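Below is one structure, written out as structure tokens; the observations come after it.
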Amino acid sequence: MSSITEKAIANVPAISITGLSKSFLNNHHYVLEDVNLSIGKGEFFILLGPSGCGKSTLLSMIAGFIQKTSGELIVDNEEVSKPGRNRGVVFQQADAALFPWLTVRENVEFGLKMKKTPKSIRHETSAYFIELVGLKGHEQKFPKELSGGMKQRVQLARVLANDPDILLMDEPFGALDAMTRRTMQTELVRIWKETNKTIIFVTHDIQEALLLGERIGVMSIGPSSKIETIYSIPLPYPRQFTNKEFNTYYQKIQNHFD
Ligand SMILES: Nc1ncnc2c1ncn2[C@@H]1O[C@H](COP(=O)(O)OP(=O)(O)OP(=O)(O)O)[C@@H](O)[C@H]1O
């Protein structure tokens, strides 16, 4: 077991979900029914499942964007009822998340400015996170001057600058080309190790799940989806998809969807 997993298990859970269900208004069926999950502080957890099974719905409930129908959803010992500073969300479409009229630095500093953080601290913080995500030298550029991968880095730096304990990532690399996606996956593992954040990462890509996650929660096909099986992945980072054990896990997880 990796030291990171040991740390996650030893600690109080960052997120505790018990018997959580969701049905949307005017809908007769449940999208999610009886979801149970506990995520440790500092853990990298993957929510994996086919399109439409309710991954984004579950992530949005943890973010506090949408309300549960029943059950318990606790983050940092408090029932979630609205968004909070302890949770930062990274969306799939960076274009929709970034402000096109602000530079990279201004985008990264946006949350700090809203909190009325003094200018010198804002600059220091944005410089740190811009460097962490590998965008040093691009501070004065506008989103339209950046590639898709660079925009996702800005989005990540902006969320990290607000210093949430938990990063909620909804298929953040889904719109990127294969090579950029691979680079971003490697970078995310590095950033996670440097920042010790708790990460919940949504994907429908088994390979991506295995490259990133300490644990992978496989969701059943909806409606009434739940977390069917949780796999602990004790493989060291950086992970190689040519590795034999990696492929054994791949097959096991693939069997859920055959
Ligand atoms: N606001 C809403 N009102 C009604 N139904 C909704 C709403 N949001 C989501 N749903 C339904 O909930 C189900 C789960 O959707 P969700 O987006 O959570 O799935 P997903 O697993 O994230 O899918 P994908 O991988 O395609 O993004 C779908 O059947 C969807 O139509």
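In the structure tokens, the first chain shown is A, the next is B, and so on; residue numbers restart at 1 for each chain, and ligands run from 1 in the order shown.
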_Please return as a count of residues only the residues found within 10 Å of ligand 1, counting only C-alpha atoms and all ligand atoms._
41
Polymer residues at most 9 Å from Ser81 of chain A, only C-alpha atoms, same-chain spacing of 5 or more positions, as a PDB file with C-alpha atoms, in the first residue's frame:
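Below you can see selection.pdb, which holds the result:
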ATOM      1  CA  MET A  61     -24.146  17.155  -5.245  1.00  0.00           C
ATOM      2  CA  GLY A  64     -23.345  21.703  -3.474  1.00  0.00           C
ATOM      3  CA  PHE A  65     -24.697  22.777  -6.882  1.00  0.00           C
ATOM      4  CA  ILE A  66     -27.679  20.436  -6.717  1.00  0.00           C
ATOM      5  CA  GLN A  67     -29.594  19.083  -3.749  1.00  0.00           C
ATOM      6  CA  LYS A  68     -29.956  15.456  -2.728  1.00  0.00           C
ATOM      7  CA  LEU A  73     -23.708  13.814   2.369  1.00  0.00           C
TER       8      LEU A  73
END
*DSSP on the backbone, then: every residue of segment 91-258 of chain A marked alpha helix (DSSP H), written as number ranges by chain.*
A: 94-97, 104-114, 119-132, 148-161, 178-195, 206-212, 244-254
Check the DSSP output for the backbone and give back, as a compact mmCIF listing (two decimals) with C-alpha atoms, in the first residue's frame, the residues of segment 20-169 of chain A in strand (DSSP E).
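Once written, part_24.txt looks like this:
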# COMPACT_ATOMS: atom_id res chain seq x y z
CA LEU A 20 -27.61 9.02 -0.94
CA SER A 21 -30.34 9.16 -3.58
CA LYS A 22 -31.34 11.66 -6.26
CA LEU A 32 -28.80 7.66 -8.09
CA GLU A 33 -30.08 5.33 -5.41
CA ASP A 34 -28.40 4.34 -2.16
CA VAL A 35 -24.87 5.60 -2.90
CA ASN A 36 -22.41 4.86 -0.08
CA LEU A 37 -18.86 6.18 -0.13
CA SER A 38 -16.16 7.41 2.20
CA ILE A 39 -13.16 9.34 0.84
CA GLY A 40 -10.07 10.02 2.95
CA PHE A 44 -7.14 10.57 -5.26
CA PHE A 45 -10.51 8.93 -5.94
CA ILE A 46 -11.98 8.15 -9.36
CA LEU A 47 -15.68 7.95 -10.17
CA LEU A 48 -15.88 5.74 -13.23
CA SER A 70 -32.48 11.70 0.48
CA GLY A 71 -29.54 10.28 2.42
CA GLU A 72 -26.52 11.86 4.04
CA LEU A 73 -23.71 13.81 2.37
CA ILE A 74 -21.06 15.11 4.75
CA VAL A 75 -17.98 17.14 3.80
CA GLU A 78 -20.86 19.28 7.76
CA GLU A 79 -23.95 18.33 5.78
CA ARG A 87 -14.49 22.54 -2.56
CA GLY A 88 -13.14 23.71 -5.94
CA VAL A 89 -14.60 22.47 -9.22
CA VAL A 90 -12.73 21.93 -12.51
CA ILE A 166 -11.07 19.15 -2.17
CA LEU A 167 -10.81 19.29 -5.97
CA LEU A 168 -13.86 18.05 -7.85
CA MET A 169 -12.89 17.36 -11.46
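Here atom CA of His138 of chain A is placed at a distance of 11.2 Å from atom CA of Arg153 of chain A.
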Could you give me, as JSON lines, a per-residue list for segment 10-124 of chain A showing, wherever an atom lies at most 9 Å from an atom of segment 193-197 of chain A, the closest pair of atoms and their distance in Å to one decimal, using only C-alpha atoms and sorting by chain then residue number from low to high?
{"residue": "A:Lys41", "atom": "CA", "partner": "A:Lys197", "partner_atom": "CA", "distance": 7.5}
{"residue": "A:Gly42", "atom": "CA", "partner": "A:Lys197", "partner_atom": "CA", "distance": 5.0}
{"residue": "A:Glu43", "atom": "CA", "partner": "A:Lys197", "partner_atom": "CA", "distance": 7.4}
{"residue": "A:Phe44", "atom": "CA", "partner": "A:Lys197", "partner_atom": "CA", "distance": 8.2}
_Pick from A:Leu156, A:Ile121, A:Pro164, A:Met150, whichever lies nearest to Arg85 of chain A using only C-alpha atoms_ =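 With only C-alpha atoms as the atom set, the closest residue is A:Pro164.
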*Compile the contact shell of segment 177-182 of chain A as a ChimeraX atom specification: residues with an atom at most 9 Å away, counting only C-alpha atoms, same-chain residues fewer than 3 positions apart removed.*
/A:148-149,173-174,185-187,208
